[in-house]
There are 2 protein chains.
Amino acid sequence: MEKDQILKKLRDLREKDPKFSDGRIISSVSTEPLDFAVEAFNIFSDTNALDVNIFPEVQKLEREIIDWFGTALKNPEIDGYVTTGGTEANIAALFVAKKLNPGRREILVPESAHYSIKRAAELMDLEIKWIKLDENFRADITDLESKISKDTLAVVATAGTSSLGVVDPIEEINSLCKDIFFHVDAAFGGFVLPFMENAPCIDFSLENIDSITIDPHKMGMNLIPAGAILFRDKSYLERIKVSPPYLSFSTSTISGSRSGGAIASVWATINYLGFDGYQKIVQDCLKNTEFLCNEIEKLDGVELVRKPDINVVGIRIKDMGPVSAELIKRGWDIMPDLESGSARVVVMPHVTETVIKNLVSDLKDILA
Amino acid sequence: MEKDQILKKLRDLREKDPKFSDGRIISSVSTEPLDFAVEAFNIFSDTNALDVNIFPEVQKLEREIIDWFGTALKNPEIDGYVTTGGTEANIAALFVAKKLNPGRREILVPESAHYSIKRAAELMDLEIKWIKLDENFRADITDLESKISKDTLAVVATAGTSSLGVVDPIEEINSLCKDIFFHVDAAFGGFVLPFMENAPCIDFSLENIDSITIDPHKMGMNLIPAGAILFRDKSYLERIKVSPPYLSFSTSTISGSRSGGAIASVWATINYLGFDGYQKIVQDCLKNTEFLCNEIEKLDGVELVRKPDINVVGIRIKDMGPVSAELIKRGWDIMPDLESGSARVVVMPHVTETVIKNLVSDLKDILA
């Protein structure tokens with residue numbers, strides 16, 4: 001095929017799937033990246049962050065990103081790197097924990113943790129001790145405390161769970177982790193809570209947090225692939241360093257070749273938006289979250305699973321099966337968890353008041 | 001900062017690092033992606049391959065890519081997915097092997113294997129039995145055979161090693177792996193050997209090969225991130241499937257969110273180049289490899305480490321320390337392995353006859 005034909009075909013195919021701006025995507029943790037972030041990606045799309053000898057500027061951009069996170073998360077001394085996403089970041093964190101304490105095998109994980117934690121545990125032969133959730137769907141601190149033992153390798157908490165946006169009691173868990181590796185999966189909430197008023201603390205000012213996952217490609221407004229893993233201690237990455245004989249440098253990342261484009265786009269996005277920009281985005285999302293919650297509370301046949309901590313809303317719907325089928329027929333991407341009869345709405349920046357009004361109106365119509 | 005300022009800054013920074021077209025990058029396994037591949041990436045840059053409910057067209061494109069690999073590698077029935085690169089692909093392969101035979105722990109790995117295999121083994125607590133290399137730097141088949149035991153989980157072979165481009169004796173290894181998972185890391189050579197005349201067979205026509213890593217972002221002419229893992233058996237991916245309660249679908253990839261842009265760009269590149277296009281690229285690279293080898297053989301003070309199997313050339317240089325320092329000073333990205341006194345030249349498409357002439361001329365000058 002010729003180039004033009006191929007690009008035309010791809011453009012046509014892209015039209016068949018929805019855009020975030022269509023106002024029908026309500027279950028995704030992705031949103032429309034800034035056009036400008038894609039342009040930044042393109043400028044460095046031919047670079048490989050692994051080849052630090054060839055592309056030192058990419059390494060400098062990445063260092064500036066990590067420093068920016070250090071400021072946002074209250075510890076300018078952190079180290080870390082830009083991953084392909086939250087899964088790689090979570091794997092890197094637990095891999096470091098394992099290297100630090102090779103004799104220990106157990107990790108304490110709230111039942112609401114992202115599936116990548118289970119994935120990482122399976123990969124690494126770590127044994128998960130599941131932590132119950134309290135009545136508000138947070139990690140039960142009493143259960144957690146009772147399960148800590150001398151075999152505990154790490155404790156995982158989530159700042160913004162996937163199904164309900166729950167923020168685990170991170171401050172309380174922190175106080176239990178003096179001698180235990182404490183990893184906070186803030187893949188989603190890491191770009192929400194630090195920019196939110198009166199938010200629970202999830203940052204490195206809590207002295208026992210060892211690592212934080214934070215994903216620019218979720219609420220960071222960046223395109224995929226762009227996650228990040230951050231470590232309190234600069235020596236941690238040394239623990240997973242490799243020095244292949246054919247390279248003149250060592251590397252501590254789980255991925256080998258890494259997109260310099262992804263790094264440039266994150267750098268562009270955080271420098272453009274800045275703390276103020278993220279504050280504004282978060283404020284808007286939270287306002288729309290509140291609007292959605294108020295509308296849901298007014299409706300018969302639906303209810304909130306809980307009062308949301310951030311911009312993820314769990315909605316329980318009577319007769320979820322047929323109702324969700326009808327919603328899907330009308331173009332909504334709702335994903336019902338039939339066991340609990342609930343589904344999540346992620347109030348990303350593209351989920352505006354208008355989108356919410358349309359959703360509520362369809363819900364009302366279907367339930368009537 | 002304003003958008004324009006940020007993009008200008010990034011363009012300026014990009015100018016400080018070399019481009020592949022400058023003709024000085026000779027050690028990288030990356031090359032300039034087709035402009036057109038970047039355009040294809042952009043069309044789908046806002047899509048997430050994980051969200052198959054929202055972006056079914058991305059899933060279809062990915063299926064077409066896997067089918068294309070199936071044809072190229074002589075088994076239309078394979079399954080697989082587009083990874084972020086070779087490391088994720090190698091991890092996925094060994095993860096499947098581990099799931100298939102949870103009681104076994106040992107993997108047989110030639111000393112020349114990519115470092116990601118060691119990484120994967122460390123992650124997964126697999127024990128590596130290192131296989132010696134023969135005098136031609138290939139996996140020693142006698143050593144390998146002697147190390148197979150009932151604890152052998154998998155055998156790994158490489159089609160195009162990182163330092164010397166060596167193709168392990170895959171056909172012979174294949175005949176030893178009737179009851180053992182056999183993974184071929186063709187991250188580099190997967191886009192070379194199938195398009196080369198009289199090449200050793202590395203494809204699924206060898207009946208015991210279970211999985212193949214093949215990276216579009218190396219010799220596939222694609223931008224990063226784009227690797228792939230291919231499995232002979234469609235049930236293998238089932239072994240690593242997860243079904244998170246908040247998603248209405250299951251997923252078998254190691255990464256969570258995945259760039260739809262990467263999938264679109266691979267689809268565009270393979271459809272544009274086709275088998276003929278890759279054949280032409282490989283022919284040119286091999287011609288230039290031969291030219292480089294001939295020039296090296298004419299020079300005093302340098303020699304070939306071995307006659308190359310593909311377009312990766314190991315060069316041994318007398319006084320490697322000072323010579324490589326001077327080459328670096330002149331802008332070459334040579335990475336000396338001081339222990340063996342050698343360095344690799346990867347004859348990627350941008351390493352043209354002119355580039356080679358310049359390199360040889362500088363070498364001659366420095367050695368004189």
# chains A, B, ... in the order shown; residues from 1 in each chain; ligands from 1
>>> closest_atom_pairs(of="range 145-257 of chain B", to="range 322-345 of chain B", cutoff="12 Å", atoms="only C-alpha atoms", output="CSV")
residue,atom,partner,partner_atom,distance
B:Thr161,CA,B:Arg344,CA,10.8
B:Ser162,CA,B:Arg344,CA,8.5
B:Ser163,CA,B:Arg344,CA,5.8
B:Leu164,CA,B:Arg344,CA,6.6
B:Gly165,CA,B:Arg344,CA,9.1
B:Val166,CA,B:Arg344,CA,11.8
>>> write_last_selection(atoms="N, CA and C atoms", output="PDB file, in the first residue's frame")
ATOM      1  N   THR B 161      22.492 -11.746  18.644  1.00  0.00           N
ATOM      2  CA  THR B 161      22.852 -11.273  19.990  1.00  0.00           C
ATOM      3  C   THR B 161      23.219  -9.791  19.962  1.00  0.00           C
ATOM      4  N   SER B 162      23.156  -9.181  21.142  1.00  0.00           N
ATOM      5  CA  SER B 162      23.359  -7.730  21.235  1.00  0.00           C
ATOM      6  C   SER B 162      24.777  -7.315  20.901  1.00  0.00           C
ATOM      7  N   SER B 163      25.764  -8.097  21.317  1.00  0.00           N
ATOM      8  CA  SER B 163      27.123  -7.606  21.093  1.00  0.00           C
ATOM      9  C   SER B 163      27.688  -8.010  19.741  1.00  0.00           C
ATOM     10  N   LEU B 164      27.290  -9.176  19.222  1.00  0.00           N
ATOM     11  CA  LEU B 164      27.927  -9.651  17.994  1.00  0.00           C
ATOM     12  C   LEU B 164      26.945 -10.098  16.910  1.00  0.00           C
ATOM     13  N   GLY B 165      25.657  -9.981  17.186  1.00  0.00           N
ATOM     14  CA  GLY B 165      24.679 -10.402  16.178  1.00  0.00           C
ATOM     15  C   GLY B 165      24.674 -11.891  15.895  1.00  0.00           C
ATOM     16  N   VAL B 166      25.141 -12.667  16.853  1.00  0.00           N
ATOM     17  CA  VAL B 166      25.241 -14.117  16.664  1.00  0.00           C
ATOM     18  C   VAL B 166      23.853 -14.763  16.641  1.00  0.00           C
TER      19      VAL B 166
END
>>> interface_residues(of="chain B", to="chain A", cutoff="6 Å", atoms="only C-alpha atoms", output="PyMOL selection string")
chain B and resi 1+17+32+46+55+87+123-124+163+224-225+245-248+255+259+272+335+337
>>> write_last_selection(atoms="N, CA and C atoms", output="short mmCIF file (atom, residue, chain, number, x, y, z; two decimals), in the first residue's frame")
data_model
loop_
_atom_site.label_atom_id
_atom_site.label_comp_id
_atom_site.auth_asym_id
_atom_site.auth_seq_id
_atom_site.Cartn_x
_atom_site.Cartn_y
_atom_site.Cartn_z
N MET B 1 5.52 28.31 31.38
CA MET B 1 6.00 28.58 30.02
C MET B 1 4.86 28.44 29.02
N ASP B 17 21.60 16.89 20.60
CA ASP B 17 21.91 15.46 20.46
C ASP B 17 21.95 15.10 18.97
N GLU B 32 16.36 5.80 12.44
CA GLU B 32 15.34 6.81 12.18
C GLU B 32 14.04 6.11 11.78
N ASP B 46 -4.25 9.13 20.94
CA ASP B 46 -5.19 9.32 22.05
C ASP B 46 -5.91 8.03 22.43
N PHE B 55 -12.02 1.03 22.18
CA PHE B 55 -11.23 1.13 20.94
C PHE B 55 -11.07 -0.22 20.25
N THR B 87 12.18 -6.39 26.25
CA THR B 87 12.23 -6.83 27.64
C THR B 87 10.87 -7.34 28.08
N LEU B 123 13.63 -11.38 38.43
CA LEU B 123 12.26 -11.02 38.81
C LEU B 123 11.51 -12.27 39.24
N MET B 124 11.64 -13.32 38.44
CA MET B 124 10.79 -14.49 38.61
C MET B 124 11.41 -15.59 39.44
N SER B 163 25.76 -8.10 21.32
CA SER B 163 27.12 -7.61 21.09
C SER B 163 27.69 -8.01 19.74
N ILE B 224 10.03 3.75 18.82
CA ILE B 224 9.84 3.21 20.16
C ILE B 224 8.57 3.83 20.73
N PRO B 225 7.71 3.13 21.48
CA PRO B 225 7.82 1.76 21.92
C PRO B 225 7.06 0.78 21.04
N PRO B 245 -12.24 -6.78 38.34
CA PRO B 245 -13.69 -6.66 38.49
C PRO B 245 -14.27 -5.38 37.88
N TYR B 246 -13.47 -4.33 37.79
CA TYR B 246 -14.01 -3.05 37.28
C TYR B 246 -13.89 -2.94 35.76
N LEU B 247 -13.30 -3.97 35.13
CA LEU B 247 -13.24 -3.98 33.67
C LEU B 247 -14.21 -5.04 33.16
N SER B 248 -14.78 -4.81 32.00
CA SER B 248 -15.73 -5.78 31.47
C SER B 248 -15.04 -6.79 30.56
N SER B 255 2.05 -5.15 30.39
CA SER B 255 1.69 -3.74 30.54
C SER B 255 0.18 -3.62 30.71
N SER B 259 -0.14 1.94 24.29
CA SER B 259 -0.32 2.96 23.27
C SER B 259 -0.97 2.40 22.00
N TYR B 272 3.28 -0.78 4.69
CA TYR B 272 3.97 0.03 3.68
C TYR B 272 5.17 -0.74 3.11
N MET B 335 31.15 2.17 21.96
CA MET B 335 31.08 1.75 23.36
C MET B 335 32.01 0.56 23.56
N ASP B 337 33.98 -2.50 24.98
CA ASP B 337 33.99 -3.49 26.05
C ASP B 337 35.47 -3.72 26.35
#
>>> residues_around(residues="Thr354 in chain A", least_positions_apart="5", cutoff="10 Å", atoms="only C-alpha atoms", output="PyMOL selection string")
chain A and resi 23+288+359-360
>>> residues_around(residues="Leu176 in chain A", least_positions_apart="4", cutoff="9 Å", atoms="only C-alpha atoms", output="short mmCIF file (atom, residue, chain, number, x, y, z; two decimals) with C-alpha atoms, in the first residue's frame")
data_model
loop_
_atom_site.label_atom_id
_atom_site.label_comp_id
_atom_site.auth_asym_id
_atom_site.auth_seq_id
_atom_site.Cartn_x
_atom_site.Cartn_y
_atom_site.Cartn_z
CA GLU A 145 -1.51 -4.19 61.58
CA ILE A 148 2.55 -7.47 59.77
CA GLU A 172 -1.88 5.61 59.41
CA ILE A 180 8.96 -2.18 56.19
CA ASN A 208 8.22 5.79 55.72
#
>>> select_by_dssp(residues="range 153-362 of chain B", states="helix (DSSP H, G or I)", output="PyMOL selection string")
chain B and resi 170-176+189-191+193-195+237-240+260-298+320-329+353-362
>>> atom_distance(atom1="CA of Ala72 in chain B", atom2="CA of Leu230 in chain B")
11.8 Å
>>> closest_residue(among="A:Ile128, A:Ala89, A:Pro216, A:Glu106", to="Asp185 in chain A", atoms="only C-alpha atoms")
A:Ala89
